[in-house]
file entry.cif (mmCIF, C-alpha atoms)
data_protein
loop_
_atom_site.label_atom_id
_atom_site.label_comp_id
_atom_site.auth_asym_id
_atom_site.auth_seq_id
_atom_site.Cartn_x
_atom_site.Cartn_y
_atom_site.Cartn_z
CA MET A 1 107.95 184.52 115.05
CA VAL A 2 111.35 184.73 113.34
CA ASN A 3 111.60 185.07 109.56
CA ASP A 4 113.89 182.09 108.96
CA GLY A 5 112.89 181.53 105.33
CA SER A 6 112.25 177.86 106.08
CA ALA A 7 109.44 177.36 103.56
CA VAL A 8 110.59 175.00 100.81
CA ALA A 9 109.34 174.10 97.34
CA GLU A 10 110.30 170.72 95.86
CA VAL A 11 110.96 171.21 92.14
CA GLN A 12 111.75 168.58 89.51
CA GLY A 13 115.20 169.19 88.06
CA LEU A 14 117.45 167.64 85.45
CA TYR A 15 118.67 164.90 87.83
CA GLY A 16 115.64 164.58 90.06
CA PRO A 17 113.87 166.83 92.56
CA PHE A 18 115.67 169.69 94.30
CA SER A 19 114.71 172.15 97.03
CA PHE A 20 114.14 175.87 96.52
CA THR A 21 113.76 177.75 99.80
CA GLU A 22 111.97 180.93 100.69
CA LYS A 23 115.26 182.19 102.14
CA LEU A 24 116.85 181.84 98.69
CA LEU A 25 113.97 183.86 97.21
CA GLN A 26 114.64 186.54 99.83
CA LYS A 27 118.31 186.65 98.79
CA ILE A 28 117.32 187.06 95.15
CA TRP A 29 115.13 190.04 96.10
CA LEU A 30 117.84 191.52 98.33
CA HIS A 31 120.54 191.32 95.63
CA GLY A 32 118.18 192.28 92.81
CA ASP A 33 119.10 189.15 90.88
CA PHE A 34 116.28 189.53 88.34
CA ASP A 35 115.34 191.68 85.35
CA HIS A 36 114.30 195.00 86.90
CA ARG A 37 113.46 196.62 83.59
CA ALA A 38 110.88 193.95 82.73
CA ALA A 39 109.22 194.03 86.16
CA ARG A 40 105.45 194.29 85.83
CA LEU A 41 102.86 193.78 88.52
CA ALA A 42 100.16 191.15 88.06
CA ASP A 43 97.73 193.93 87.06
CA GLY A 44 100.11 195.13 84.31
CA ARG A 45 101.47 198.26 86.00
CA THR A 46 105.18 198.97 85.87
CA LEU A 47 107.34 198.65 88.97
CA ARG A 48 110.61 200.41 89.73
CA ILE A 49 112.58 199.24 92.76
CA ILE A 50 114.43 202.21 94.21
CA HIS A 51 115.50 200.30 97.33
CA PRO A 52 114.51 196.71 98.21
CA GLY A 53 114.21 197.49 101.92
CA LYS A 54 116.08 196.21 104.96
CA TRP A 55 116.07 192.43 105.35
CA ASN A 56 114.08 191.70 108.49
CA LEU A 57 115.17 188.47 110.19
CA LEU A 58 112.78 188.97 113.12
CA GLY A 59 108.99 188.86 113.19
CA GLY A 60 106.85 190.61 110.59
CA PRO A 61 107.37 191.36 106.89
CA ASP A 62 110.54 190.10 105.20
CA PHE A 63 111.78 193.56 104.12
CA LYS A 64 111.11 196.82 105.92
CA ASP A 65 110.96 200.33 104.49
CA ALA A 66 111.38 199.50 100.81
CA ARG A 67 111.13 202.36 98.31
CA LEU A 68 109.17 201.65 95.15
CA ALA A 69 107.60 203.49 92.24
CA ILE A 70 104.45 201.89 90.86
CA GLY A 71 102.65 202.79 87.67
CA ASP A 72 102.73 206.58 87.33
CA GLY A 73 106.12 206.80 89.05
CA VAL A 74 104.95 208.19 92.40
CA GLU A 75 107.35 206.91 95.04
CA ILE A 76 105.95 204.90 97.96
CA THR A 77 107.64 203.55 101.07
CA GLY A 78 106.53 200.43 102.90
CA ASP A 79 107.22 196.77 103.61
CA VAL A 80 107.63 193.84 101.22
CA GLU A 81 106.57 190.27 101.93
CA LEU A 82 107.88 187.31 99.89
CA HIS A 83 106.45 183.84 99.45
CA LEU A 84 107.09 180.93 97.14
CA ARG A 85 103.37 180.79 96.32
CA ALA A 86 100.74 183.52 96.50
CA GLY A 87 98.42 181.42 98.67
CA ASP A 88 100.99 181.45 101.49
CA TRP A 89 99.82 184.97 102.35
CA LEU A 90 96.54 183.58 103.64
CA ALA A 91 98.03 180.30 104.87
CA HIS A 92 100.43 182.21 107.13
CA GLY A 93 97.68 184.41 108.53
CA HIS A 94 99.08 187.71 107.21
CA ALA A 95 95.70 188.98 105.98
CA SER A 96 94.48 189.43 109.55
CA ASP A 97 97.79 190.33 111.20
CA PRO A 98 98.27 194.09 111.91
CA ALA A 99 102.06 193.58 111.71
CA TYR A 100 101.59 193.38 107.93
CA ASP A 101 99.51 196.54 107.54
CA ARG A 102 102.47 198.42 106.00
CA VAL A 103 103.06 195.85 103.25
CA VAL A 104 102.95 197.62 99.88
CA LEU A 105 104.19 194.75 97.71
CA HIS A 106 103.69 190.98 97.75
CA VAL A 107 106.49 189.17 95.84
CA VAL A 108 106.05 185.51 94.89
CA LEU A 109 108.14 183.03 92.94
CA PHE A 110 105.44 181.07 91.12
CA PRO A 111 102.50 182.64 89.20
CA ALA A 112 99.24 182.91 91.11
CA GLU A 113 95.95 181.44 90.00
CA GLN A 114 93.95 183.63 87.66
CA GLY A 115 91.92 186.18 89.58
CA TYR A 116 94.00 185.89 92.78
CA LEU A 117 94.23 189.04 94.92
CA THR A 118 96.45 189.69 97.95
CA LEU A 119 94.25 191.50 100.47
CA GLY A 120 95.44 193.26 103.62
CA SER A 121 93.68 193.40 106.99
CA ALA A 122 91.56 196.36 105.84
CA GLY A 123 90.47 194.45 102.74
CA LEU A 124 92.60 196.60 100.41
CA GLU A 125 94.45 194.96 97.53
CA ILE A 126 98.25 194.72 97.81
CA PRO A 127 100.17 194.76 94.47
CA LEU A 128 101.59 191.38 93.42
CA LEU A 129 104.91 190.75 91.63
CA VAL A 130 105.80 187.31 90.18
CA LEU A 131 109.57 186.77 89.87
CA LEU A 132 109.84 183.46 88.00
CA ALA A 133 109.86 184.88 84.47
CA LEU A 134 112.29 187.65 85.49
CA LEU A 135 115.11 185.39 86.72
CA PRO A 136 118.37 185.25 84.71
CA HIS A 137 118.89 181.54 85.56
CA ASP A 138 116.54 178.61 85.98
CA LEU A 139 115.61 177.59 89.52
CA GLU A 140 117.94 174.60 89.58
CA GLU A 141 120.97 176.78 88.85
CA PHE A 142 120.04 179.17 91.66
CA ALA A 143 119.65 176.21 94.02
CA ALA A 144 122.99 174.73 92.88
CA ASP A 145 124.80 178.02 93.49
CA GLU A 146 123.17 178.29 96.90
CA SER A 147 124.42 174.79 97.77
CA VAL A 148 127.99 175.82 96.89
CA GLU A 149 127.75 178.97 99.01
CA ALA A 150 126.30 176.96 101.91
CA LEU A 151 129.42 174.79 102.11
CA THR A 152 131.54 175.90 105.05
CA GLY A 153 135.26 175.58 105.52
CA LYS A 154 134.54 173.00 108.23
CA SER A 155 132.39 170.96 105.85
CA LEU A 156 135.17 170.87 103.25
CA ALA A 157 137.85 170.24 105.86
CA ASN A 158 136.01 167.12 107.06
CA ALA A 159 136.04 165.57 103.59
CA PRO A 160 139.51 163.91 103.88
CA GLY A 161 138.50 162.03 107.02
CA GLU A 162 135.30 160.72 105.44
CA LEU A 163 136.91 159.67 102.15
CA ALA A 164 140.25 158.38 103.45
CA ALA A 165 138.99 154.81 103.87
CA LEU A 166 138.44 154.44 100.12
CA ALA A 167 141.13 152.76 98.06
CA GLN A 168 142.76 155.30 95.75
CA PRO A 169 141.30 153.89 92.49
CA LEU A 170 137.79 153.95 93.99
CA LEU A 171 138.29 157.48 95.34
CA LEU A 172 139.46 158.79 91.97
CA ALA A 173 136.55 157.08 90.19
CA LEU A 174 134.09 158.56 92.72
CA LEU A 175 135.40 162.09 92.32
CA ARG A 176 135.48 161.76 88.54
CA ALA A 177 131.85 160.58 88.52
CA HIS A 178 130.85 163.60 90.62
CA ALA A 179 132.83 165.87 88.32
CA GLU A 180 130.98 164.48 85.30
CA GLN A 181 127.66 165.13 87.01
CA ARG A 182 128.71 168.70 87.76
CA TRP A 183 129.83 169.13 84.14
CA ARG A 184 126.49 167.88 82.83
CA ARG A 185 124.66 170.36 85.07
CA LYS A 186 126.82 173.22 83.85
CA VAL A 187 126.16 172.28 80.23
CA HIS A 188 122.44 172.05 80.95
CA PHE A 189 122.39 175.52 82.53
CA ALA A 190 124.46 176.86 79.62
CA ARG A 191 121.97 175.38 77.14
CA VAL A 192 119.10 177.19 78.87
CA ARG A 193 120.97 180.50 78.62
CA LEU A 194 121.99 179.80 75.03
CA GLU A 195 118.42 179.09 73.96
CA ARG A 196 117.27 182.33 75.57
CA LEU A 197 120.06 184.67 74.46
CA GLY A 198 121.92 183.20 71.51
CA TRP A 199 125.67 182.52 71.30
CA GLU A 200 127.18 186.00 71.26
CA THR A 201 124.97 187.45 74.00
CA ALA A 202 125.28 184.34 76.18
CA CYS A 203 129.09 184.67 76.04
CA HIS A 204 128.81 188.38 76.85
CA TYR A 205 126.62 187.65 79.89
CA GLY A 206 128.96 184.88 81.03
CA ALA A 207 132.06 187.07 80.78
CA LEU A 208 130.63 189.91 82.85
CA GLU A 209 129.18 187.46 85.36
CA ILE A 210 132.62 185.90 85.89
CA LEU A 211 134.21 189.35 86.21
CA GLY A 212 131.66 190.20 88.88
CA TYR A 213 132.77 187.34 91.11
CA ARG A 214 130.30 185.95 93.61
CA PHE A 215 129.16 189.17 95.27
CA ASN A 216 128.72 191.39 92.20
CA ARG A 217 127.21 188.90 89.80
CA SER A 218 123.74 190.48 89.81
CA PRO A 219 124.74 194.07 88.89
CA MET A 220 127.13 192.70 86.25
CA LEU A 221 124.28 190.75 84.66
CA ARG A 222 122.10 193.85 84.62
CA ILE A 223 124.93 195.76 82.91
CA ALA A 224 125.27 192.95 80.36
CA GLU A 225 121.59 193.30 79.58
CA ARG A 226 121.69 197.09 79.28
CA TRP A 227 124.98 197.41 77.34
CA ARG A 228 125.25 194.80 74.62
CA LEU A 229 128.53 193.35 73.37
CA GLN A 230 128.61 195.64 70.34
CA ASP A 231 128.19 198.65 72.62
CA TRP A 232 131.44 197.81 74.40
CA SER A 233 133.55 197.97 71.25
CA SER A 234 133.26 201.76 71.27
CA ILE A 235 132.97 202.57 75.00
CA LEU A 236 135.53 205.14 76.18
CA PRO A 237 137.18 205.01 79.63
CA ALA A 238 135.04 207.90 80.92
CA GLU A 239 131.92 206.08 79.73
CA VAL A 240 132.92 202.95 81.66
CA ASP A 241 132.67 205.04 84.82
CA GLU A 242 129.14 205.97 83.77
CA VAL A 243 128.32 202.28 83.31
CA PHE A 244 129.66 201.61 86.80
CA ALA A 245 127.61 204.51 88.23
CA ALA A 246 124.42 203.05 86.71
CA GLU A 247 124.53 200.36 89.41
CA ALA A 248 125.53 202.68 92.26
CA GLY A 249 124.29 201.25 95.52
CA SER A 250 124.33 197.68 94.17
CA TRP A 251 128.06 196.99 94.26
CA SER A 252 129.60 194.97 97.07
CA GLY A 253 133.17 195.38 98.25
CA GLN A 254 133.10 192.09 100.14
CA GLY A 255 136.14 189.98 99.39
CA ALA A 256 137.26 192.30 96.59
CA ARG A 257 140.93 193.24 96.39
CA PRO A 258 141.69 196.48 94.48
CA ALA A 259 142.46 194.51 91.31
CA ASN A 260 139.05 192.82 91.57
CA HIS A 261 137.03 195.98 92.19
CA PRO A 262 134.02 195.96 89.83
CA ARG A 263 135.01 199.33 88.32
CA THR A 264 138.46 197.91 87.54
CA ARG A 265 136.90 194.80 86.03
CA LEU A 266 134.58 196.89 83.82
CA HIS A 267 137.54 198.86 82.49
CA GLN A 268 139.25 195.53 81.88
CA TYR A 269 136.27 194.29 79.86
CA ALA A 270 136.26 197.50 77.81
CA ARG A 271 139.92 196.91 76.86
CA TRP A 272 139.14 193.28 76.14
CA VAL A 273 136.26 193.98 73.73
CA LEU A 274 138.10 196.87 72.09
CA ALA A 275 140.96 194.48 71.26
CA SER A 276 138.70 191.54 70.29
CA PRO A 277 135.19 192.76 69.41
CA ASP A 278 134.33 189.36 67.88
CA TRP A 279 135.76 187.37 70.79
CA PRO A 280 132.83 184.88 71.15
CA GLU A 281 133.32 183.71 67.57
CA ARG A 282 137.09 183.56 68.04
CA PHE A 283 136.59 181.32 71.04
CA ALA A 284 134.17 179.08 69.11
CA GLN A 285 136.73 178.61 66.33
CA LEU A 286 139.48 177.81 68.84
CA ALA A 287 137.31 175.41 70.85
CA ALA A 288 136.27 173.54 67.71
CA LEU A 289 139.92 172.54 67.20
CA MET A 290 140.43 171.16 70.71
CA PRO A 291 141.14 167.41 70.83
CA ALA A 292 139.43 164.55 72.62
CA ILE A 293 141.37 163.60 75.76
CA PRO A 294 141.91 159.89 76.62
CA ARG A 295 140.71 159.04 80.14
CA ASP A 296 143.74 156.98 81.12
CA ILE A 297 146.29 159.82 80.94
CA ALA A 298 147.26 161.79 84.06
CA THR A 299 146.68 165.53 84.05
CA ARG A 300 150.37 166.47 83.87
CA GLU A 301 150.85 164.38 80.75
CA VAL A 302 147.58 165.70 79.24
CA ARG A 303 148.73 169.28 79.68
CA ARG A 304 152.17 168.53 78.22
CA ARG A 305 150.93 166.47 75.27
CA TYR A 306 148.16 168.88 74.28
CA ARG A 307 150.07 172.05 75.19
CA PHE A 308 147.50 173.41 77.64
CA THR A 309 149.78 176.22 78.81
CA ALA A 310 150.24 177.52 75.26
CA LEU A 311 146.50 177.11 74.64
CA ARG A 312 145.71 179.10 77.76
CA ASP A 313 148.12 181.88 76.75
CA ASN A 314 146.62 181.93 73.26
CA MET A 315 143.14 182.35 74.75
CA GLY A 316 144.28 185.26 76.86
CA ARG A 317 145.77 187.00 73.82
CA SER A 318 143.42 186.18 70.96
CA ILE A 319 140.12 186.06 72.84
CA CYS A 320 140.65 188.56 75.65
CA GLY A 321 143.13 190.85 73.90
CA GLY A 322 145.64 190.32 76.69
CA ALA A 323 143.28 191.97 79.20
CA LEU A 324 142.52 188.81 81.20
CA GLY A 325 144.73 185.98 82.39
CA GLY A 326 145.53 183.76 85.35
CA THR A 327 142.88 182.17 87.52
CA ARG A 328 140.12 184.51 86.33
CA LEU A 329 140.69 183.36 82.75
CA ASP A 330 140.50 179.77 84.00
CA ASN A 331 137.17 180.48 85.66
CA LEU A 332 135.90 182.18 82.53
CA VAL A 333 136.60 179.20 80.28
CA CYS A 334 135.58 176.49 82.78
CA ASP A 335 132.46 178.07 84.29
CA ALA A 336 131.13 179.93 81.25
CA LEU A 337 132.74 179.31 77.85
CA PHE A 338 133.44 175.56 77.82
CA PRO A 339 129.87 174.71 78.97
CA LEU A 340 128.40 177.16 76.44
CA HIS A 341 130.44 175.66 73.61
CA ALA A 342 129.46 172.12 74.67
CA ALA A 343 125.79 173.14 74.73
CA ARG A 344 126.15 174.68 71.28
CA SER A 345 128.19 171.93 69.62
CA GLY A 346 126.78 168.85 71.33
CA ALA A 347 128.96 165.79 71.84
CA SER A 348 131.83 167.21 69.80
CA PHE A 349 133.32 169.03 72.79
CA ASP A 350 135.28 166.81 75.15
CA PHE A 351 134.72 166.63 78.92
CA GLY A 352 138.41 165.81 79.37
CA ILE A 353 139.50 169.33 78.42
CA TRP A 354 137.32 170.86 81.16
CA PHE A 355 138.38 168.16 83.66
CA ASN A 356 142.14 168.57 83.17
CA TRP A 357 142.10 172.36 82.87
CA PHE A 358 143.76 174.57 85.48
CA PRO A 359 141.66 174.88 88.67
CA GLY A 360 141.06 178.63 88.67
CA ASP A 361 139.78 180.28 91.85
CA GLN A 362 138.85 177.51 94.28
CA PRO A 363 138.36 177.62 98.07
CA PRO A 364 141.74 177.02 99.78
CA THR A 365 140.11 174.42 102.05
CA LEU A 366 139.03 172.46 98.99
CA MET A 367 142.52 172.43 97.54
CA ARG A 368 144.00 171.35 100.89
CA ALA A 369 141.53 168.47 101.06
CA LEU A 370 142.59 167.24 97.61
CA ARG A 371 146.23 167.29 98.69
CA GLN A 372 145.48 165.49 101.97
CA LEU A 373 143.67 162.77 100.03
CA SER A 374 146.70 162.50 97.67
CA VAL A 375 144.33 163.13 94.75
CA CYS A 376 146.42 166.08 93.59
CA ASP A 377 150.05 165.62 94.58
CA GLY A 378 151.66 168.33 92.46
CA ARG A 379 153.67 165.73 90.51
CA GLY A 380 151.90 163.24 88.25
CA GLN A 381 148.54 164.73 89.15
CA PRO A 382 148.68 168.50 89.64
CA THR A 383 145.57 170.31 90.80
CA CYS A 384 142.93 170.42 88.09
CA HIS A 385 139.44 171.79 87.66
CA GLY A 386 137.78 168.39 87.43
CA PHE A 387 138.88 166.91 90.75
CA ALA A 388 138.13 170.22 92.51
CA GLN A 389 134.60 170.22 91.06
CA GLY A 390 134.18 166.53 91.83
CA LEU A 391 135.01 166.98 95.51
CA LEU A 392 132.76 170.04 95.64
CA ASP A 393 129.87 168.03 94.19
CA TRP A 394 130.50 165.16 96.60
CA CYS A 395 130.35 167.57 99.56
CA ILE A 396 127.10 169.10 98.28
CA ALA A 397 125.52 165.65 97.86
CA ARG A 398 126.71 164.56 101.32
CA ASP A 399 125.32 167.68 103.02
CA ALA A 400 122.01 167.29 101.15
CA ARG A 401 121.66 163.73 102.45
CA ARG A 402 122.24 164.94 105.98
#
call {"tool": "encode", "arguments": {"input": "entry.cif", "output": "structure tokens"}}
result
Amino acid sequence: MVNDGSAVAEVQGLYGPFSFTEKLLQKIWLHGDFDHRAARLADGRTLRIIHPGKWNLLGGPDFKDARLAIGDGVEITGDVELHLRAGDWLAHGHASDPAYDRVVLHVVLFPAEQGYLTLGSAGLEIPLLVLLALLPHDLEEFAADESVEALTGKSLANAPGELAALAQPLLLALLRAHAEQRWRRKVHFARVRLERLGWETACHYGALEILGYRFNRSPMLRIAERWRLQDWSSILPAEVDEVFAAEAGSWSGQGARPANHPRTRLHQYARWVLASPDWPERFAQLAALMPAIPRDIATREVRRRYRFTALRDNMGRSICGGALGGTRLDNLVCDALFPLHAARSGASFDFGIWFNWFPGDQPPTLMRALRQLSVCDGRGQPTCHGFAQGLLDWCIARDARR
């Protein structure tokens, strides 16, 4: 039997039910995308994950040869099995299967019933870890991110052919509606983080998460938790290297140019906070002055009338101390700071600012599709964040229906 992670939980989300797969849970374990320091077994003992194990995509336990320290700190080596629910251990026949005799940890997403025990073939209890309360995002946000990552270049490239039959006004209205839905989701996720962390810390988490890009988001979040914003205002360059070393073995070099290396980005954040130690409050004051944007104005005119380029430059200087600019700054404000401010201020922050903002880092295939559909022509309607997010959301919804 192949471990394909095909088990699925249907969960009620903000806009209806969504799917959370066992494969996604396996990815969370692999990348360590949870609060390691707060990890406690169901019996109350502490757990330290030295190495999560090798992801096993064949038969048998999900992860082989993990290294763990339980309770008194004595290191053990063995396999790890993951399930969405604790009862799946019995339902899948693992209790009587010798292939699972080396399992030393059973990891589940949802809490088990009181008194539940995971028992191996010899009748011995296997420690149980519940991940739900340790996750940095709610389940819907994990599932949404997974949907974005699941989009292939081919899927995006097919979008022009499927949408070309729509009259241009209908196409623009469709993409705008999908963009608004994506915006509402982002604000919802931001509100969850804001309620848990507060304004300053939520901004701090969001900044480091954006600087980590897709493949280093998890270690950046753990660094944000360990070194608070006020700690960064006095961190020296040599100490930044120590911060980087604290996540040794967790960093990924996939898709990272030298300028985007996580060590480089951590040094960048140190310069940023040194120059603007109160940057979350500076951003809040700046965002509070941003205007409402009429819907009937094209993006080029919106940016000219409301001086978006000057506003963007001002953000880079006053908020980031000149340490961050370009597309990464665009991603910071669109994916983290604008949604956080909207969640904090309510209806006073305008969707039109987010929609007409510069696109930031977007898949090249996505941008080509927008040009092929004549949605963004570089003249009256330059590329903007809103139409990019709208097409992305349309593709996700289409693939989900399929």
call {"tool": "residues_around", "arguments": {"input": "entry.cif", "residues": "stretch 126-139 of chain A", "least_positions_apart": "3", "cutoff": "7 Å", "atoms": "only C-alpha atoms", "output": "list in words"}}
result
Asp33, Phe34, Asp35, Arg40, Leu41, Ala42, Val104, Leu105, His106, Val107, Val108, Leu109, Phe110, Pro111, Thr118, Leu119, Gly120, Phe142 and Ala143 of chain A
call {"tool": "resolve_selection", "arguments": {"input": "entry.cif", "expression": "the PyMOL selection byres ((chain A and resi 20) around 6)", "output": "ChimeraX atom specification"}}
result
/A:8-9,19,21
call {"tool": "closest_residue", "arguments": {"input": "entry.cif", "among": "A:Asp361, A:Asp377, A:Glu239, A:Glu247", "to": "A:Pro219", "atoms": "all atoms listed in the file"}}
result
A:Glu247
call {"tool": "closest_residue", "arguments": {"input": "entry.cif", "among": "A:Leu392, A:Ile235, A:Cys376, A:Phe355", "to": "A:Glu180", "atoms": "all atoms listed in the file"}}
result
A:Phe355
call {"tool": "resolve_selection", "arguments": {"input": "entry.cif", "expression": "the PyMOL selection byres ((chain A and resi 191) around 10)", "output": "list in words"}}
result
Arg185, Lys186, Val187, His188, Phe189, Ala190, Val192, Arg193, Leu194, Glu195, Arg196, Leu197, Gly198, Trp199, Ala202, Pro339, Leu340, His341, Ala342, Ala343, Arg344 and Gly346 of chain A
call {"tool": "atom_distance", "arguments": {"input": "entry.cif", "atom1": "atom CA of A:Glu146", "atom2": "atom CA of A:Leu324"}}
result
27.0 Å
call {"tool": "resolve_selection", "arguments": {"input": "entry.cif", "expression": "the PyMOL selection byres ((chain A and resi 159) around 9)", "output": "ChimeraX atom specification"}}
result
/A:154-158,160-164,366,369,373,391,394-395
